[in-house]
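Quick look at coords.txt (compact mmCIF, C-alpha atoms and all ligand atoms):
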```
# COMPACT_ATOMS: atom_id res chain seq x y z
CA MET A 730 57.13 -60.38 2.00
CA ILE A 731 58.82 -59.85 5.32
CA CYS A 732 55.48 -59.30 6.97
CA PHE A 733 54.04 -62.46 5.34
CA LYS A 734 56.81 -64.43 7.01
CA GLN A 735 56.00 -62.90 10.38
CA ILE A 736 52.33 -63.80 9.98
CA ILE A 737 53.08 -67.40 9.08
CA GLU A 738 55.51 -67.72 11.97
CA LEU A 739 52.93 -66.42 14.40
CA ILE A 740 50.26 -68.83 13.15
CA LYS A 741 52.73 -71.71 13.28
CA SER A 742 53.62 -70.83 16.87
CA LYS A 743 49.95 -71.26 17.81
CA TYR A 744 49.68 -74.71 16.22
CA SER A 745 53.24 -75.94 16.69
CA HIS A 746 52.22 -79.63 16.86
CA LYS A 747 50.70 -79.55 13.34
CA GLU A 748 52.54 -80.10 10.11
CA ILE A 749 49.71 -78.81 7.98
CA ILE A 750 47.61 -76.11 9.61
CA SER A 751 44.07 -76.09 8.29
CA LEU A 752 41.52 -73.34 8.71
CA HIS A 753 39.31 -75.00 11.30
CA GLU A 754 39.54 -78.49 12.73
CA PRO A 755 37.14 -80.17 15.12
CA VAL A 756 38.27 -81.07 18.63
CA PHE A 757 36.80 -84.04 20.50
CA MET A 758 37.92 -84.00 24.10
CA GLY A 759 34.75 -84.48 26.11
CA ASN A 760 32.02 -87.12 26.22
CA GLU A 761 31.91 -87.69 22.45
CA LYS A 762 32.94 -91.35 22.46
CA LYS A 763 30.91 -92.13 25.56
CA TYR A 764 27.69 -90.70 24.12
CA VAL A 765 28.18 -92.19 20.66
CA ASN A 766 28.74 -95.58 22.30
CA GLU A 767 25.58 -95.10 24.31
CA ALA A 768 23.65 -94.37 21.13
CA ILE A 769 25.08 -97.50 19.49
CA ASP A 770 24.35 -99.66 22.55
CA SER A 771 20.78 -98.39 22.62
CA THR A 772 20.39 -99.40 18.93
CA TYR A 773 18.57 -96.09 18.41
CA VAL A 774 21.03 -94.63 15.95
CA SER A 775 18.60 -93.15 13.48
CA SER A 776 16.10 -90.31 13.66
CA VAL A 777 14.49 -91.43 16.90
CA GLY A 778 16.40 -91.51 20.17
CA SER A 779 17.02 -89.69 23.40
CA PHE A 780 20.05 -87.70 22.24
CA VAL A 781 18.01 -85.78 19.68
CA ASN A 782 15.68 -84.49 22.41
CA LYS A 783 18.60 -83.87 24.74
CA PHE A 784 20.47 -81.88 22.13
CA GLU A 785 17.42 -79.82 21.18
CA LYS A 786 16.89 -78.96 24.84
CA MET A 787 20.54 -77.97 25.24
CA ILE A 788 20.23 -75.59 22.29
CA CYS A 789 17.06 -74.05 23.77
CA ASP A 790 18.70 -73.61 27.16
CA TYR A 791 21.81 -72.08 25.66
CA THR A 792 20.19 -69.70 23.18
CA GLY A 793 17.06 -68.87 25.11
CA SER A 794 14.91 -70.02 22.22
CA GLU A 795 11.63 -71.75 23.06
CA TYR A 796 11.87 -74.51 20.45
CA ALA A 797 14.60 -76.27 18.51
CA ILE A 798 14.29 -78.82 15.71
CA ALA A 799 17.47 -80.72 14.84
CA THR A 800 18.07 -81.41 11.15
CA VAL A 801 20.49 -83.26 8.91
CA ASN A 802 22.42 -80.10 8.07
CA GLY A 803 22.27 -76.31 8.14
CA THR A 804 21.28 -75.99 4.50
CA ASN A 805 18.06 -77.95 4.93
CA ALA A 806 17.36 -76.08 8.17
CA LEU A 807 17.34 -72.94 6.00
CA HIS A 808 15.24 -74.63 3.33
CA ILE A 809 12.59 -75.64 5.86
CA SER A 810 12.65 -72.21 7.56
CA LEU A 811 11.94 -70.54 4.21
CA LEU A 812 9.17 -73.00 3.36
CA LEU A 813 7.54 -72.31 6.72
CA SER A 814 7.90 -68.59 6.09
CA ASP A 815 5.53 -69.27 3.21
CA VAL A 816 8.14 -68.55 0.54
CA THR A 817 6.93 -69.93 -2.81
CA ILE A 818 8.13 -70.12 -6.40
CA ASP A 819 6.57 -66.69 -7.04
CA ASP A 820 8.46 -64.87 -4.31
CA GLU A 821 11.73 -63.11 -3.67
CA VAL A 822 14.08 -63.40 -0.70
CA ILE A 823 16.70 -60.84 0.32
CA CYS A 824 20.19 -62.27 0.93
CA GLN A 825 23.70 -60.90 1.27
CA SER A 826 26.11 -61.42 -1.59
CA LEU A 827 29.09 -62.05 0.65
CA SER A 828 27.94 -65.36 2.11
CA PHE A 829 28.20 -69.10 1.72
CA VAL A 830 26.06 -70.38 -1.14
CA ALA A 831 23.84 -72.55 1.11
CA GLY A 832 21.34 -69.83 2.01
CA VAL A 833 20.85 -68.75 -1.59
CA ASN A 834 20.55 -72.35 -2.74
CA ALA A 835 17.82 -72.87 -0.15
CA VAL A 836 15.93 -70.02 -1.86
CA SER A 837 16.45 -71.76 -5.21
CA TYR A 838 15.24 -75.17 -3.95
CA ILE A 839 11.84 -73.53 -3.60
CA GLY A 840 12.16 -71.83 -6.99
CA ALA A 841 12.09 -68.38 -5.40
CA LYS A 842 14.57 -65.67 -6.46
CA PRO A 843 17.28 -64.03 -4.35
CA ILE A 844 17.89 -60.29 -4.18
CA PHE A 845 21.38 -59.32 -3.04
CA VAL A 846 22.10 -56.42 -0.72
CA ASP A 847 25.39 -55.15 0.67
CA ILE A 848 27.30 -55.80 3.89
CA ASP A 849 28.54 -53.39 6.55
CA ASN A 850 32.28 -52.76 6.48
CA ASP A 851 32.73 -53.55 10.17
CA THR A 852 30.54 -56.64 10.67
CA LEU A 853 30.78 -58.17 7.15
CA GLY A 854 27.12 -59.02 7.75
CA MET A 855 24.02 -57.60 6.07
CA SER A 856 23.93 -53.81 6.16
CA PRO A 857 20.68 -52.35 7.51
CA ASN A 858 21.37 -49.18 5.48
CA SER A 859 21.75 -51.12 2.26
CA LEU A 860 18.60 -53.12 3.05
CA MET A 861 16.64 -49.95 3.81
CA ASP A 862 17.94 -48.26 0.67
CA TYR A 863 16.94 -51.17 -1.52
CA LEU A 864 13.47 -51.39 -0.05
CA LYS A 865 12.87 -47.62 -0.07
CA ASN A 866 13.81 -47.38 -3.74
CA ASN A 867 12.36 -50.62 -5.05
CA ALA A 868 9.63 -51.92 -2.78
CA VAL A 869 6.17 -50.91 -1.71
CA VAL A 870 3.84 -52.21 0.96
CA LYS A 871 0.46 -52.43 -0.77
CA LYS A 872 -3.03 -52.22 0.69
CA ASP A 873 -3.05 -55.98 1.29
CA GLY A 874 -0.23 -55.36 3.78
CA PHE A 875 2.36 -57.27 1.74
CA CYS A 876 5.68 -56.05 0.41
CA TYR A 877 6.04 -55.99 -3.39
CA ASN A 878 9.06 -55.41 -5.57
CA LYS A 879 8.29 -52.59 -8.01
CA ILE A 880 10.77 -53.94 -10.57
CA SER A 881 9.53 -57.54 -10.74
CA GLY A 882 6.03 -57.19 -9.31
CA LYS A 883 6.80 -60.14 -7.03
CA ARG A 884 6.32 -60.31 -3.30
CA ILE A 885 9.40 -60.03 -1.11
CA LYS A 886 8.64 -62.60 1.54
CA ALA A 887 11.78 -63.16 3.57
CA CYS A 888 15.15 -61.69 4.45
CA VAL A 889 18.13 -63.89 5.36
CA PRO A 890 20.98 -61.95 6.99
CA MET A 891 24.05 -63.90 8.02
CA HIS A 892 26.41 -63.45 10.99
CA THR A 893 29.58 -63.69 8.96
CA PHE A 894 32.40 -65.78 10.45
CA GLY A 895 30.59 -65.58 13.80
CA LEU A 896 30.55 -61.76 13.95
CA PRO A 897 27.08 -60.53 14.90
CA CYS A 898 25.58 -58.14 12.34
CA ARG A 899 23.22 -55.26 13.26
CA ILE A 900 20.37 -57.66 13.56
CA ASP A 901 18.06 -55.48 15.66
CA GLU A 902 18.06 -52.77 12.98
CA ILE A 903 17.48 -55.37 10.27
CA LYS A 904 14.64 -56.77 12.33
CA SER A 905 12.86 -53.43 12.60
CA ILE A 906 13.21 -52.78 8.85
CA CYS A 907 11.74 -56.24 8.13
CA GLU A 908 8.84 -55.47 10.47
CA LYS A 909 8.20 -52.17 8.73
CA PHE A 910 7.99 -53.88 5.33
CA ASN A 911 6.24 -57.01 6.58
CA ILE A 912 9.09 -59.31 5.55
CA THR A 913 9.83 -62.50 7.53
CA LEU A 914 13.26 -62.51 9.14
CA VAL A 915 15.19 -65.80 8.91
CA GLU A 916 18.62 -65.59 10.51
CA ASP A 917 21.41 -67.61 8.98
CA ALA A 918 23.33 -68.10 12.22
CA ALA A 919 25.11 -71.17 10.78
CA GLU A 920 28.48 -69.75 11.84
CA SER A 921 27.52 -67.97 15.03
CA ILE A 922 26.63 -70.44 17.76
CA GLY A 923 27.85 -68.76 20.94
CA SER A 924 27.69 -65.24 19.45
CA PHE A 925 25.45 -62.63 21.05
CA TYR A 926 24.14 -59.20 20.11
CA LYS A 927 22.95 -56.95 22.93
CA GLU A 928 23.12 -60.01 25.17
CA LYS A 929 20.66 -61.92 23.03
CA HIS A 930 21.86 -65.02 21.19
CA THR A 931 22.21 -64.69 17.41
CA GLY A 932 19.48 -66.64 15.66
CA THR A 933 16.84 -65.60 18.22
CA PHE A 934 15.92 -62.25 16.62
CA GLY A 935 14.12 -63.66 13.60
CA LYS A 936 11.02 -65.79 13.14
CA PHE A 937 13.51 -68.58 12.56
CA GLY A 938 17.23 -68.95 13.17
CA ILE A 939 19.44 -71.80 12.07
CA PHE A 940 22.83 -73.20 13.09
CA SER A 941 25.14 -75.62 11.30
CA PHE A 942 27.21 -78.36 12.92
CA ASN A 943 29.24 -79.26 9.88
CA GLY A 944 32.81 -80.50 10.48
CA ASN A 945 34.37 -77.06 10.06
CA LYS A 946 32.06 -75.14 12.40
CA THR A 947 32.68 -74.15 16.05
CA ILE A 948 31.03 -77.34 17.28
CA THR A 949 30.29 -80.28 15.03
CA CYS A 950 28.48 -83.59 14.89
CA GLY A 951 29.85 -84.63 11.50
CA GLY A 952 26.92 -83.13 9.70
CA GLY A 953 23.96 -81.46 11.32
CA GLY A 954 21.84 -78.38 11.66
CA ILE A 955 19.07 -76.99 13.81
CA ILE A 956 16.13 -74.63 13.44
CA ILE A 957 15.19 -72.41 16.39
CA THR A 958 11.95 -70.48 16.81
CA ASN A 959 9.68 -69.13 19.53
CA ASP A 960 6.55 -69.99 17.56
CA LYS A 961 4.95 -73.16 18.89
CA ASP A 962 2.89 -73.92 15.77
CA LEU A 963 5.79 -73.36 13.42
CA ALA A 964 8.03 -75.54 15.60
CA LYS A 965 5.46 -78.29 15.39
CA LYS A 966 5.23 -77.90 11.64
CA ALA A 967 9.02 -77.95 11.32
CA LYS A 968 9.23 -81.21 13.22
CA HIS A 969 6.43 -82.69 11.15
CA ILE A 970 7.73 -81.66 7.74
CA THR A 971 11.28 -82.82 8.53
CA SER A 972 9.93 -86.28 9.47
CA GLN A 973 8.25 -87.11 6.11
CA ALA A 974 5.06 -85.39 7.34
CA LYS A 975 4.09 -88.65 8.98
CA ILE A 976 1.09 -88.49 11.26
CA PRO A 977 2.16 -90.10 14.54
CA HIS A 978 0.52 -93.50 14.99
CA LYS A 979 1.63 -96.80 16.52
CA TRP A 980 1.68 -98.65 13.18
CA GLU A 981 -0.10 -96.75 10.46
CA PHE A 982 1.73 -94.87 7.72
CA ASN A 983 -0.20 -91.76 6.91
CA HIS A 984 1.23 -88.53 5.55
CA ASP A 985 -0.67 -85.29 5.17
CA GLU A 986 1.67 -83.29 2.92
CA VAL A 987 4.96 -83.57 1.05
CA GLY A 988 7.55 -84.13 3.76
CA TYR A 989 11.30 -84.40 3.92
CA ASN A 990 13.70 -86.81 5.56
CA PHE A 991 15.62 -84.05 7.31
CA ARG A 992 15.66 -85.09 10.99
CA MET A 993 19.05 -85.37 12.65
CA PRO A 994 19.98 -89.01 13.41
CA ASN A 995 20.45 -89.90 17.08
CA ILE A 996 24.07 -90.93 16.53
CA ASN A 997 24.88 -87.40 15.32
CA ALA A 998 22.90 -85.89 18.17
CA ALA A 999 25.01 -87.94 20.62
CA LEU A 1000 28.14 -86.33 19.21
CA ALA A 1001 26.45 -82.92 19.14
CA SER A 1002 25.42 -83.16 22.81
CA ALA A 1003 28.98 -83.89 23.85
CA GLN A 1004 30.28 -80.97 21.80
CA MET A 1005 27.61 -78.66 23.18
CA GLU A 1006 28.83 -79.38 26.73
CA GLN A 1007 32.17 -77.85 25.72
CA LEU A 1008 30.86 -74.84 23.83
CA ASP A 1009 31.63 -72.27 26.51
CA ALA A 1010 35.16 -73.56 26.96
CA PHE A 1011 35.67 -73.56 23.17
CA ILE A 1012 34.49 -69.97 22.89
CA LYS A 1013 36.71 -68.80 25.70
CA ASN A 1014 39.61 -70.45 23.90
CA LYS A 1015 38.67 -68.92 20.55
CA ARG A 1016 38.21 -65.44 21.98
CA LYS A 1017 41.63 -65.59 23.60
CA LEU A 1018 43.21 -66.60 20.28
CA SER A 1019 41.36 -63.79 18.53
CA GLU A 1020 42.66 -61.25 21.04
CA GLU A 1021 46.24 -62.48 20.56
CA TYR A 1022 45.83 -62.28 16.78
CA PHE A 1023 44.37 -58.79 17.10
CA LEU A 1024 47.30 -57.50 19.16
CA PHE A 1025 49.77 -59.00 16.68
CA PHE A 1026 48.08 -57.63 13.54
CA ASP A 1027 47.58 -54.26 15.15
CA ARG A 1028 51.31 -54.11 15.82
CA ILE A 1029 52.27 -54.96 12.24
CA GLY A 1030 49.64 -52.66 10.74
CA ILE A 1031 47.23 -55.15 9.18
CA SER A 1032 43.57 -54.74 10.01
CA LYS A 1033 41.65 -57.59 11.57
CA ILE A 1034 37.86 -57.58 11.70
CA GLN A 1035 36.63 -57.19 15.31
CA GLU A 1036 33.21 -57.49 16.90
CA ILE A 1037 31.26 -54.21 17.01
CA LYS A 1038 29.96 -52.50 20.16
CA ASN A 1039 27.27 -54.56 21.92
CA ALA A 1040 28.34 -57.70 20.04
CA LYS A 1041 30.08 -60.76 21.42
CA SER A 1042 31.54 -62.90 18.65
CA ASN A 1043 32.45 -66.57 18.87
CA TYR A 1044 35.32 -65.71 16.50
CA TRP A 1045 34.66 -68.86 14.53
CA LEU A 1046 37.10 -67.68 11.87
CA ASN A 1047 39.48 -64.76 12.29
CA THR A 1048 39.61 -62.40 9.33
CA ILE A 1049 42.32 -60.04 8.17
CA VAL A 1050 42.19 -57.50 5.35
CA PHE A 1051 44.89 -56.98 2.71
CA SER A 1052 45.27 -53.78 0.72
CA ASP A 1053 44.37 -55.26 -2.66
CA VAL A 1054 43.70 -58.46 -4.55
CA LYS A 1055 47.33 -58.79 -5.64
CA GLU A 1056 48.64 -58.62 -2.09
CA ARG A 1057 45.94 -61.05 -0.96
CA ASP A 1058 46.87 -63.56 -3.65
CA SER A 1059 50.57 -63.38 -2.94
CA PHE A 1060 49.83 -63.98 0.73
CA LEU A 1061 47.62 -66.98 -0.09
CA ASN A 1062 50.39 -68.39 -2.29
CA PHE A 1063 52.97 -67.85 0.42
CA SER A 1064 50.85 -69.34 3.19
CA HIS A 1065 49.91 -72.44 1.19
CA LYS A 1066 53.56 -72.97 0.26
CA ASN A 1067 54.20 -72.97 3.99
CA LYS A 1068 51.35 -75.42 4.66
CA VAL A 1069 49.18 -72.85 6.41
CA LEU A 1070 45.85 -73.19 4.66
CA CYS A 1071 44.43 -69.66 4.77
CA ARG A 1072 41.32 -68.96 2.69
CA PRO A 1073 39.91 -66.00 0.79
CA SER A 1074 36.27 -64.90 0.86
CA TRP A 1075 33.69 -67.05 -0.90
CA LYS A 1076 33.16 -65.97 -4.47
CA LEU A 1077 30.42 -63.38 -4.15
CA MET A 1078 26.96 -64.72 -4.89
CA HIS A 1079 26.17 -62.10 -7.54
CA LYS A 1080 29.36 -63.13 -9.35
CA LEU A 1081 28.46 -66.82 -9.56
CA ASP A 1082 27.12 -67.75 -13.01
CA LEU A 1083 24.12 -69.20 -11.21
CA TYR A 1084 23.06 -65.91 -9.67
CA LYS A 1085 24.70 -63.24 -11.84
CA ASN A 1086 21.37 -62.07 -13.27
CA SER A 1087 19.72 -61.63 -9.87
CA LEU A 1088 18.36 -58.32 -8.65
CA LYS A 1089 20.80 -56.47 -6.44
CA SER A 1090 21.60 -53.24 -4.65
CA ASP A 1091 24.86 -51.37 -4.84
CA LEU A 1092 27.43 -53.89 -3.55
CA THR A 1093 30.48 -51.70 -3.01
CA ASN A 1094 31.45 -53.19 0.35
CA SER A 1095 30.88 -56.78 -0.75
CA ASP A 1096 33.07 -56.24 -3.82
CA TRP A 1097 35.76 -54.49 -1.80
CA PHE A 1098 36.00 -57.07 0.99
CA GLY A 1099 35.46 -59.98 -1.39
CA ASP A 1100 38.80 -59.07 -2.98
CA ARG A 1101 40.72 -58.42 0.21
CA ILE A 1102 39.75 -60.58 3.16
CA VAL A 1103 41.57 -63.71 4.24
CA ASN A 1104 40.55 -66.13 6.96
CA ILE A 1105 43.41 -67.45 9.02
CA PRO A 1106 43.55 -70.72 11.02
CA SER A 1107 41.23 -70.43 13.99
CA SER A 1108 40.87 -73.93 15.48
CA ILE A 1109 40.74 -74.35 19.21
CA ILE A 1110 44.21 -74.31 20.69
CA ILE A 1111 45.00 -77.47 22.64
C1 LIG A 1201 27.95 -73.83 7.03
C2 LIG A 1201 26.99 -72.85 6.53
C3 LIG A 1201 25.69 -73.21 6.11
C4 LIG A 1201 25.18 -74.59 5.90
O1 LIG A 1201 25.56 -75.53 6.70
P1 LIG A 1201 25.64 -77.09 6.33
O2 LIG A 1201 25.43 -77.70 7.65
O3 LIG A 1201 27.00 -77.30 5.77
O4 LIG A 1201 24.56 -77.42 5.36
C5 LIG A 1201 24.81 -72.20 5.78
N1 LIG A 1201 25.16 -70.92 5.80
C6 LIG A 1201 26.39 -70.53 6.17
C7 LIG A 1201 26.70 -69.09 6.20
C8 LIG A 1201 27.35 -71.48 6.52
O5 LIG A 1201 28.57 -71.08 6.85
```
Show me this structure written as structure tokens.
Amino acid sequence: MICFKQIIELIKSKYSHKEIISLHEPVFMGNEKKYVNEAIDSTYVSSVGSFVNKFEKMICDYTGSEYAIATVNGTNALHISLLLSDVTIDDEVICQSLSFVAGVNAVSYIGAKPIFVDIDNDTLGMSPNSLMDYLKNNAVVKKDGFCYNKISGKRIKACVPMHTFGLPCRIDEIKSICEKFNITLVEDAAESIGSFYKEKHTGTFGKFGIFSFNGNKTITCGGGGIIITNDKDLAKKAKHITSQAKIPHKWEFNHDEVGYNFRMPNINAALASAQMEQLDAFIKNKRKLSEEYFLFFDRIGISKIQEIKNAKSNYWLNTIVFSDVKERDSFLNFSHKNKVLCRPSWKLMHKLDLYKNSLKSDLTNSDWFGDRIVNIPSSIII
């Protein structure tokens, strides 16, 4: 109990101007209002307008990706990435169980089935060992060159690792396993804008990567997402399919496949561009907070999850680990009573009624951390 009080006092000292301290709040202190006004004045507020192009270019410049396609949110960026990875109703997609439901839902939108593998205990992201184990024991690359699941007979088409809370996972190892089994790598980098692994931006290792700009993420535009890829044809297809598959023409309406209305509106892109200008400053701020948290928790003997060697995390959310579920729950009770809105892990995907019958590997780490981790307030300090 005494230590709970110390933790709450420390968090309160960081956000002393707040009565209720939420997990992650957006900060608008740059050109947000200016750019949004410009978008309004231009009357181009919808899915055509100069801020969409500007924002896509900023994301390319920042991440080193060749192409970027801005979308309405991160979930549909994942949905489109899976569709363009040729995932169909007959296929399976490998996901991590400790994750936000969006990625798995994107698999379900297509009618495909998820397979859950475990996380590493230091990154909280997909474990290359668990992935390799699952594939070695359950999958086979047949003469046609494709990867088949021996249990279901279905093809395993894609793998969607996630950089949990901004911490880069061992994405290079995951990438080489996917290559070995001819599985398309789609990186759910929704939480990791500004996070790098071996000096390469997260989201740029896979065929596709996606980011989210929802209100609780490191930078936000209200709601928004983006797909990044180095493949010119796929980028073109992504832009096409997210714009109702309309064939460009001055006045004619012609569509050559089933499309989606998933393009980011210009008014959101205006906000996103202004936020993007501040990304480096935000990350510096967040990394400083993370370091201060780390020193504090180290001193009081509570473990905090830190970036691994060769990784640079944006520290979107800082994560601490309690010794068991009971201690975690009493801390959550205590912190909420004190208006500090800490959060536990998402309910694990394989424990949701929706996905409880899915194929899965051993999930020891997911189960262990799912019971013990808590995210503490991590907004930018102003
Ligand atoms: C936020 C998030 C998404 C989806 O983002 P939206 O923009 O809210 O649709 C997907 N995956 C993960 C891991 C996320 O945290």
Would you mind listing the residues within 8 Å of ligand LIG 1201 (chain A), counting all atoms listed in the file, as a PyMOL selection string?
chain A and resi 801-807+828-832+891-894+917-920+940-943+945-946+952-954
Please enclose the listed atoms of stretch 1079-1086 of chain A in an axis-aligned box, pad each side by 4 Å, and write out the centre and the three edge lengths in Å, rounded to one decimal, as JSON.
```
{"center_x": 25.4, "center_y": -65.6, "center_z": -10.4, "size_x": 16.0, "size_y": 15.1, "size_z": 13.7}
```
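Atom pair atom CA of A:Phe937 / atom CA of A:Cys898 has a distance of 16.0 Å (rounded to one decimal).
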Show me the residues close to (52.7, -66.2, 5.6) - anything with an atom within 7 Å, counting all atoms listed in the file - and format the list as a list in words.
Phe733, Lys734, Gln735, Ile736, Ile737, Phe1060, Phe1063 and Ser1064 of chain A
Please list as JSON, numbers by chain every residue within 9 Å of A:Pro890, counting only C-alpha atoms and excluding residues in the same chain fewer than 5 positions away.
{"A": [823, 824, 825, 854, 855, 856, 898, 900, 903, 914, 915, 916, 917, 918]}
Which polymer residues, protein or nucleic acid, are no farther than 8 Å from (3.9, -56.8, 1.0), counting only C-alpha atoms, as a count of residues only?
14
Between atom CA of A:Pro977 and atom CA of A:Gly951, what is the distance in Å, rounded to a tenth?
28.4 Å
Hey, which of A:Gly895, A:Ser776, A:Ser794, A:Gly840 ends up closest to A:Phe934? Count all atoms listed in the file.
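The shortest atom-to-atom distance to A:Phe934 comes from A:Ser794.
Comparing A:Arg899, A:Asn997, A:Asn990, A:Ser751 by their smallest distance to A:Phe780, the closest is A:Asn997 (using all atoms listed in the file).
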Give me, as a compact mmCIF listing (two decimals) with C-alpha atoms, in the frame of the given file, all polymer residues having an atom no more than 10 Å from stretch 1077-1079 of chain A, counting all atoms listed in the file and skipping those fewer than 5 positions away in the same chain.
```
# COMPACT_ATOMS: atom_id res chain seq x y z
CA CYS A 824 20.19 -62.27 0.93
CA GLN A 825 23.70 -60.90 1.27
CA SER A 826 26.11 -61.42 -1.59
CA LEU A 827 29.09 -62.05 0.65
CA SER A 828 27.94 -65.36 2.11
CA PHE A 829 28.20 -69.10 1.72
CA VAL A 830 26.06 -70.38 -1.14
CA VAL A 833 20.85 -68.75 -1.59
CA PRO A 843 17.28 -64.03 -4.35
CA ILE A 844 17.89 -60.29 -4.18
CA PHE A 845 21.38 -59.32 -3.04
CA VAL A 846 22.10 -56.42 -0.72
CA TYR A 1084 23.06 -65.91 -9.67
CA LYS A 1085 24.70 -63.24 -11.84
CA ASN A 1086 21.37 -62.07 -13.27
CA SER A 1087 19.72 -61.63 -9.87
CA LEU A 1088 18.36 -58.32 -8.65
CA LYS A 1089 20.80 -56.47 -6.44
CA LEU A 1092 27.43 -53.89 -3.55
CA SER A 1095 30.88 -56.78 -0.75
CA ASP A 1096 33.07 -56.24 -3.82
CA PHE A 1098 36.00 -57.07 0.99
CA GLY A 1099 35.46 -59.98 -1.39
CA ASP A 1100 38.80 -59.07 -2.98
```
Which residue of A:Ile818, A:His753, A:Glu748, A:Ile1031 approaches A:Asn1104 most closely, using all atoms listed in the file
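Nearest candidate to A:Asn1104 out of A:Ile818, A:His753, A:Glu748, A:Ile1031: A:His753.
Among the candidates A:Thr931, A:Glu908, A:Leu1000, A:Ser1090, the residue lying nearest to A:Ile769 is A:Leu1000 (atoms considered: all atoms listed in the file).
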